[in-house]
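Shown here: upload_33.pdb, PDB, C-alpha atoms and all ligand atoms.
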ATOM      1  CA  MET Q   1      93.159  94.548  75.505  1.00  0.00           C
ATOM      2  CA  THR Q   2      93.655  95.391  79.146  1.00  0.00           C
ATOM      3  CA  SER Q   3      94.994  98.682  80.300  1.00  0.00           C
ATOM      4  CA  PRO Q   4      98.108  98.983  82.487  1.00  0.00           C
ATOM      5  CA  ILE Q   5      95.919 100.379  85.262  1.00  0.00           C
ATOM      6  CA  ILE Q   6      93.757  97.270  85.392  1.00  0.00           C
ATOM      7  CA  ASP Q   7      96.854  95.079  85.279  1.00  0.00           C
ATOM      8  CA  SER Q   8      98.401  96.787  88.292  1.00  0.00           C
ATOM      9  CA  HIS Q   9      95.132  96.376  90.161  1.00  0.00           C
ATOM     10  CA  LYS Q  10      95.193  92.656  89.502  1.00  0.00           C
ATOM     11  CA  VAL Q  11      98.722  92.500  90.865  1.00  0.00           C
ATOM     12  CA  ALA Q  12      97.597  94.255  94.021  1.00  0.00           C
ATOM     13  CA  VAL Q  13      94.771  91.792  94.567  1.00  0.00           C
ATOM     14  CA  ALA Q  14      97.139  88.895  93.966  1.00  0.00           C
ATOM     15  CA  ALA Q  15      99.499  90.285  96.580  1.00  0.00           C
ATOM     16  CA  ILE Q  16      96.819  90.314  99.240  1.00  0.00           C
ATOM     17  CA  VAL Q  17      95.786  86.768  98.423  1.00  0.00           C
ATOM     18  CA  VAL Q  18      99.393  85.692  98.913  1.00  0.00           C
ATOM     19  CA  ASN Q  19      99.330  87.340 102.314  1.00  0.00           C
ATOM     20  CA  VAL Q  20      96.285  85.282 103.219  1.00  0.00           C
ATOM     21  CA  ALA Q  21      98.050  82.127 102.118  1.00  0.00           C
ATOM     22  CA  LEU Q  22     101.067  82.941 104.262  1.00  0.00           C
ATOM     23  CA  ALA Q  23      98.842  83.614 107.241  1.00  0.00           C
ATOM     24  CA  SER Q  24      97.156  80.271 106.763  1.00  0.00           C
ATOM     25  CA  VAL Q  25     100.485  78.458 106.568  1.00  0.00           C
ATOM     26  CA  TRP Q  26     101.678  80.231 109.689  1.00  0.00           C
ATOM     27  CA  LEU Q  27      98.494  79.330 111.498  1.00  0.00           C
ATOM     28  CA  SER Q  28      98.557  75.687 110.531  1.00  0.00           C
ATOM     29  CA  SER Q  29     102.143  75.341 111.690  1.00  0.00           C
ATOM     30  CA  CYS Q  30     101.430  76.852 115.091  1.00  0.00           C
ATOM     31  CA  PHE Q  31      97.840  75.852 115.752  1.00  0.00           C
ATOM     32  CA  SER Q  32      97.473  72.669 113.787  1.00  0.00           C
ATOM     33  CA  GLU Q  33      94.930  71.107 116.116  1.00  0.00           C
ATOM     34  CA  ARG Q  34      92.784  74.184 116.174  1.00  0.00           C
ATOM     35  CA  GLN Q  35      93.201  74.617 112.466  1.00  0.00           C
ATOM     36  CA  SER Q  36      91.755  71.223 111.728  1.00  0.00           C
ATOM     37  CA  ALA Q  37      88.785  71.880 113.978  1.00  0.00           C
ATOM     38  CA  THR Q  38      87.839  75.420 113.074  1.00  0.00           C
ATOM     39  CA  GLY Q  39      90.448  76.749 110.710  1.00  0.00           C
ATOM     40  CA  PRO Q  40      89.750  79.414 108.160  1.00  0.00           C
ATOM     41  CA  GLY Q  41      91.793  77.381 105.693  1.00  0.00           C
ATOM     42  CA  THR Q  42      91.374  78.307 102.103  1.00  0.00           C
ATOM     43  CA  SER Q  43      88.118  80.127 102.728  1.00  0.00           C
ATOM     44  CA  ALA Q  44      90.096  83.032 104.172  1.00  0.00           C
ATOM     45  CA  GLY Q  45      91.525  83.492 100.702  1.00  0.00           C
ATOM     46  CA  GLU Q  46      88.124  84.653  99.569  1.00  0.00           C
ATOM     47  CA  CYS Q  47      88.469  87.818 101.572  1.00  0.00           C
ATOM     48  CA  ARG Q  48      89.686  90.626  99.371  1.00  0.00           C
ATOM     49  CA  ILE Q  49      90.390  94.203 100.280  1.00  0.00           C
ATOM     50  CA  PRO Q  50      91.773  97.064  98.233  1.00  0.00           C
ATOM     51  CA  VAL Q  51      95.445  97.137  99.189  1.00  0.00           C
ATOM     52  CA  SER Q  52      95.729 100.617  97.713  1.00  0.00           C
ATOM     53  CA  SER Q  53      93.637 101.954 100.586  1.00  0.00           C
ATOM     54  CA  PRO Q  54      95.667 104.222 102.874  1.00  0.00           C
ATOM     55  CA  ALA Q  55      93.845 102.593 105.774  1.00  0.00           C
ATOM     56  CA  VAL Q  56      95.585  99.294 105.161  1.00  0.00           C
ATOM     57  CA  GLY Q  57      98.730  98.750 107.193  1.00  0.00           C
ATOM     58  CA  THR Q  58     101.750  96.611 106.541  1.00  0.00           C
ATOM     59  CA  VAL Q  59     100.607  93.701 108.698  1.00  0.00           C
ATOM     60  CA  ILE Q  60      97.124  92.314 108.299  1.00  0.00           C
ATOM     61  CA  VAL Q  61      95.138  90.267 110.806  1.00  0.00           C
ATOM     62  CA  PHE Q  62      92.109  88.593 109.305  1.00  0.00           C
ATOM     63  CA  ILE Q  63      88.938  88.001 111.274  1.00  0.00           C
ATOM     64  CA  LYS Q  64      87.476  84.758 109.985  1.00  0.00           C
ATOM     65  CA  ASN Q  65      85.173  82.175 111.520  1.00  0.00           C
ATOM     66  CA  PHE Q  66      85.109  84.149 114.784  1.00  0.00           C
ATOM     67  CA  ALA Q  67      88.884  84.108 115.195  1.00  0.00           C
ATOM     68  CA  PHE Q  68      91.839  86.409 114.643  1.00  0.00           C
ATOM     69  CA  VAL Q  69      94.201  84.992 112.000  1.00  0.00           C
ATOM     70  CA  PRO Q  70      97.024  84.853 112.823  1.00  0.00           C
ATOM     71  CA  LYS Q  71      96.176  84.856 116.495  1.00  0.00           C
ATOM     72  CA  GLN Q  72      99.645  86.042 117.511  1.00  0.00           C
ATOM     73  CA  ILE Q  73     101.808  88.477 115.583  1.00  0.00           C
ATOM     74  CA  SER Q  74     105.266  89.889 116.231  1.00  0.00           C
ATOM     75  CA  ILE Q  75     105.965  93.260 114.661  1.00  0.00           C
ATOM     76  CA  LYS Q  76     108.639  95.906 114.638  1.00  0.00           C
ATOM     77  CA  ARG Q  77     107.947  99.113 116.527  1.00  0.00           C
ATOM     78  CA  GLY Q  78     106.150 101.619 114.292  1.00  0.00           C
ATOM     79  CA  THR Q  79     104.307  98.959 112.287  1.00  0.00           C
ATOM     80  CA  THR Q  80     100.697  99.591 111.337  1.00  0.00           C
ATOM     81  CA  VAL Q  81      98.466  96.581 111.882  1.00  0.00           C
ATOM     82  CA  THR Q  82      95.171  96.320 110.031  1.00  0.00           C
ATOM     83  CA  TRP Q  83      92.320  94.079 111.096  1.00  0.00           C
ATOM     84  CA  VAL Q  84      89.908  93.019 108.360  1.00  0.00           C
ATOM     85  CA  ASN Q  85      86.590  91.340 109.040  1.00  0.00           C
ATOM     86  CA  CYS Q  86      86.443  88.522 106.500  1.00  0.00           C
ATOM     87  CA  ASP Q  87      83.397  86.827 107.940  1.00  0.00           C
ATOM     88  CA  ASP Q  88      80.439  86.494 105.619  1.00  0.00           C
ATOM     89  CA  PRO Q  89      77.907  89.318 105.282  1.00  0.00           C
ATOM     90  CA  GLY Q  90      75.060  88.880 107.734  1.00  0.00           C
ATOM     91  CA  THR Q  91      77.177  87.249 110.448  1.00  0.00           C
ATOM     92  CA  ASP Q  92      78.047  88.989 113.701  1.00  0.00           C
ATOM     93  CA  SER Q  93      80.221  92.085 113.663  1.00  0.00           C
ATOM     94  CA  HIS Q  94      83.557  92.127 115.495  1.00  0.00           C
ATOM     95  CA  THR Q  95      85.961  94.488 117.204  1.00  0.00           C
ATOM     96  CA  SER Q  96      89.675  94.597 117.941  1.00  0.00           C
ATOM     97  CA  THR Q  97      89.852  95.809 121.512  1.00  0.00           C
ATOM     98  CA  SER Q  98      92.909  96.073 123.745  1.00  0.00           C
ATOM     99  CA  ASP Q  99      92.504  94.182 127.020  1.00  0.00           C
ATOM    100  CA  ILE Q 100      93.858  97.228 128.873  1.00  0.00           C
ATOM    101  CA  GLY Q 101      91.839  99.773 126.921  1.00  0.00           C
ATOM    102  CA  LEU Q 102      94.689 101.027 124.757  1.00  0.00           C
ATOM    103  CA  TRP Q 103      92.621 100.825 121.594  1.00  0.00           C
ATOM    104  CA  SER Q 104      89.217  99.677 120.440  1.00  0.00           C
ATOM    105  CA  SER Q 105      88.000  99.549 116.894  1.00  0.00           C
ATOM    106  CA  PRO Q 106      84.485 100.511 115.920  1.00  0.00           C
ATOM    107  CA  THR Q 107      82.174  97.559 115.385  1.00  0.00           C
ATOM    108  CA  LEU Q 108      83.379  96.007 112.150  1.00  0.00           C
ATOM    109  CA  ALA Q 109      80.752  94.485 109.891  1.00  0.00           C
ATOM    110  CA  SER Q 110      81.779  92.126 107.114  1.00  0.00           C
ATOM    111  CA  GLY Q 111      84.477  93.831 105.057  1.00  0.00           C
ATOM    112  CA  GLY Q 112      85.171  96.381 107.788  1.00  0.00           C
ATOM    113  CA  ILE Q 113      88.766  97.374 108.488  1.00  0.00           C
ATOM    114  CA  TYR Q 114      90.588  99.028 111.387  1.00  0.00           C
ATOM    115  CA  SER Q 115      94.225 100.020 111.717  1.00  0.00           C
ATOM    116  CA  ARG Q 116      96.529 100.942 114.593  1.00  0.00           C
ATOM    117  CA  THR Q 117     100.182 101.960 114.462  1.00  0.00           C
ATOM    118  CA  PHE Q 118     102.208 100.463 117.296  1.00  0.00           C
ATOM    119  CA  ASN Q 119     104.684 103.139 118.337  1.00  0.00           C
ATOM    120  CA  ASP Q 120     104.957 101.437 121.684  1.00  0.00           C
ATOM    121  CA  PRO Q 121     108.169 100.427 123.457  1.00  0.00           C
ATOM    122  CA  THR Q 122     109.819  97.304 122.149  1.00  0.00           C
ATOM    123  CA  GLY Q 123     109.249  94.258 124.278  1.00  0.00           C
ATOM    124  CA  THR Q 124     105.638  95.186 124.913  1.00  0.00           C
ATOM    125  CA  VAL Q 125     103.004  92.482 124.577  1.00  0.00           C
ATOM    126  CA  PHE Q 126      99.423  93.531 123.936  1.00  0.00           C
ATOM    127  CA  ASP Q 127      96.532  91.151 124.393  1.00  0.00           C
ATOM    128  CA  TYR Q 128      93.280  92.035 122.698  1.00  0.00           C
ATOM    129  CA  HIS Q 129      89.843  90.571 122.183  1.00  0.00           C
ATOM    130  CA  CYS Q 130      86.494  91.093 120.472  1.00  0.00           C
ATOM    131  CA  ILE Q 131      83.858  92.811 122.609  1.00  0.00           C
ATOM    132  CA  PRO Q 132      80.823  90.828 121.357  1.00  0.00           C
ATOM    133  CA  HIS Q 133      82.810  87.573 121.463  1.00  0.00           C
ATOM    134  CA  PRO Q 134      85.275  87.561 124.413  1.00  0.00           C
ATOM    135  CA  PHE Q 135      86.503  84.120 123.362  1.00  0.00           C
ATOM    136  CA  MET Q 136      88.100  85.783 120.350  1.00  0.00           C
ATOM    137  CA  GLU Q 137      91.589  86.662 121.552  1.00  0.00           C
ATOM    138  CA  GLY Q 138      94.798  87.796 119.948  1.00  0.00           C
ATOM    139  CA  THR Q 139      98.252  89.077 120.826  1.00  0.00           C
ATOM    140  CA  VAL Q 140     100.553  91.714 119.348  1.00  0.00           C
ATOM    141  CA  ASN Q 141     104.250  91.537 120.298  1.00  0.00           C
ATOM    142  CA  VAL Q 142     106.200  94.718 119.609  1.00  0.00           C
ATOM    143  CA  GLN Q 143     109.820  93.786 119.034  1.00  0.00           C
TER     144      GLN Q 143
HETATM  145 CU    CU X 201      83.767  88.991 117.349  1.00  0.00          CU
END
Can you turn what I pasted into structure tokens?
Amino acid sequence: MTSPIIDSHKVAVAAIVVNVALASVWLSSCFSERQSATGPGTSAGECRIPVSSPAVGTVIVFIKNFAFVPKQISIKRGTTVTWVNCDDPGTDSHTSTSDIGLWSSPTLASGGIYSRTFNDPTGTVFDYHCIPHPFMEGTVNVQ
């Protein structure tokens, strides 16, 4: 017999896996060439975080295989974005760092998470990168 508490936890984990799947679909439709070369593909689905954590925002950007997934996101003003390092333990740590110094996460080891709420004016486009790996780039569009 499983308790209702355990059941609801399983539902939460399932929800986050679905989010990963959607991110992968989005990525493959927009970056198909890159996807085939480097893509996180199904391996990104192995990354699991506790969605009940108050630190987790409503939009999640995964860090996998030294890339932000999805690379570009469009969000409504006031949305909290959470970056999650899904790279394997023992690989390099990453950051989410605004190109203009608006925000910078601590160094995120495997499993590390960082959130920022974008209460910025609509129409703003924020480019960001990873400090140890400047080739890792991403964009947040506040709509
Ligand atoms: Cu990095």
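The closest residue to ligand CU 201 (chain X), picked from Q:Ser74, Q:Ser110, Q:Thr79, Q:Asn119 and counting only C-alpha atoms and all ligand atoms, is Q:Ser110.
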Residues in the PyMOL selection byres (((chain Q and resi 68) around 12) and not hetatm), expressed as a short mmCIF file (atom, residue, chain, number, x, y, z; two decimals) with C-alpha atoms, in the frame of the given file:
data_model
loop_
_atom_site.label_atom_id
_atom_site.label_comp_id
_atom_site.auth_asym_id
_atom_site.auth_seq_id
_atom_site.Cartn_x
_atom_site.Cartn_y
_atom_site.Cartn_z
CA ALA Q 23 98.84 83.61 107.24
CA SER Q 24 97.16 80.27 106.76
CA LEU Q 27 98.49 79.33 111.50
CA THR Q 38 87.84 75.42 113.07
CA GLY Q 39 90.45 76.75 110.71
CA PRO Q 40 89.75 79.41 108.16
CA ALA Q 44 90.10 83.03 104.17
CA ILE Q 60 97.12 92.31 108.30
CA VAL Q 61 95.14 90.27 110.81
CA PHE Q 62 92.11 88.59 109.30
CA ILE Q 63 88.94 88.00 111.27
CA LYS Q 64 87.48 84.76 109.98
CA ASN Q 65 85.17 82.18 111.52
CA PHE Q 66 85.11 84.15 114.78
CA ALA Q 67 88.88 84.11 115.20
CA VAL Q 69 94.20 84.99 112.00
CA PRO Q 70 97.02 84.85 112.82
CA LYS Q 71 96.18 84.86 116.50
CA GLN Q 72 99.64 86.04 117.51
CA ILE Q 73 101.81 88.48 115.58
CA THR Q 82 95.17 96.32 110.03
CA TRP Q 83 92.32 94.08 111.10
CA VAL Q 84 89.91 93.02 108.36
CA ASN Q 85 86.59 91.34 109.04
CA CYS Q 86 86.44 88.52 106.50
CA ASP Q 87 83.40 86.83 107.94
CA HIS Q 94 83.56 92.13 115.50
CA THR Q 95 85.96 94.49 117.20
CA SER Q 96 89.68 94.60 117.94
CA THR Q 97 89.85 95.81 121.51
CA ASP Q 127 96.53 91.15 124.39
CA TYR Q 128 93.28 92.04 122.70
CA HIS Q 129 89.84 90.57 122.18
CA CYS Q 130 86.49 91.09 120.47
CA HIS Q 133 82.81 87.57 121.46
CA PRO Q 134 85.28 87.56 124.41
CA PHE Q 135 86.50 84.12 123.36
CA MET Q 136 88.10 85.78 120.35
CA GLU Q 137 91.59 86.66 121.55
CA GLY Q 138 94.80 87.80 119.95
CA THR Q 139 98.25 89.08 120.83
CA VAL Q 140 100.55 91.71 119.35
#
For this session: Select, from Q:Val81, Q:Ile113, Q:Val142, Q:Leu108, the residue with the minimum atom-to-atom distance to ligand CU 201 (chain X), counting all atoms listed in the file.
Result: Q:Leu108
For this session: Would you mind reading off the distance between atom CA of Val59 of chain Q and atom CA of Thr91 of chain Q, one decimal, in Å?
Result: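 Going from atom CA of Val59 of chain Q over to atom CA of Thr91 of chain Q, I get 24.4 Å.
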Exercise. From the set Q:Ser115, Q:Thr124, Q:Ser93, Q:Gln143, which residue has the shortest atom-to-atom contact distance to ligand CU 201 (chain X), counting all atoms listed in the file?
Worked result: Q:Ser93
Exercise. By how many Å are atom CA of Ser105 of chain Q and atom CA of Lys76 of chain Q apart?
Worked result: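 Result for atom CA of Ser105 of chain Q versus atom CA of Lys76 of chain Q: 21.1 Å, one decimal.
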Problem set entry | One-decimal distance in Å that lies between atom CA of Asp88 of chain Q and atom CA of Ile131 of chain Q |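 Going from atom CA of Ile131 of chain Q over to atom CA of Asp88 of chain Q covers 18.4 Å.
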Seminar exercise, completed: The residue from Q:Gly57, Q:Pro121, Q:Gly101, Q:Pro106 with the smallest atom-to-atom distance to Thr80 of chain Q, counting only C-alpha atoms, is Q:Gly57
Problem set entry | Pick from Q:Phe118, Q:Asp92, Q:Ser98, Q:Ser104, whichever lies nearest to ligand CU 201 (chain X) using only C-alpha atoms and all ligand atoms |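 Result for the nearest residue to ligand CU 201 (chain X): Q:Asp92.
The smallest atom-to-atom distance between ligand CU 201 (chain X) and any of Q:Ile75, Q:Val125, Q:Ala109, Q:Leu102, using all atoms listed in the file, is found for Q:Ala109.
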Coordinates of box centre and edge lengths for segment 97-112 of chain Q, 5 Å on every side, axis-aligned, as lines of an AutoDock Vina configuration file:
center_x = 87.7
center_y = 96.6
center_z = 117.0
size_x = 23.9
size_y = 18.9
size_z = 33.8
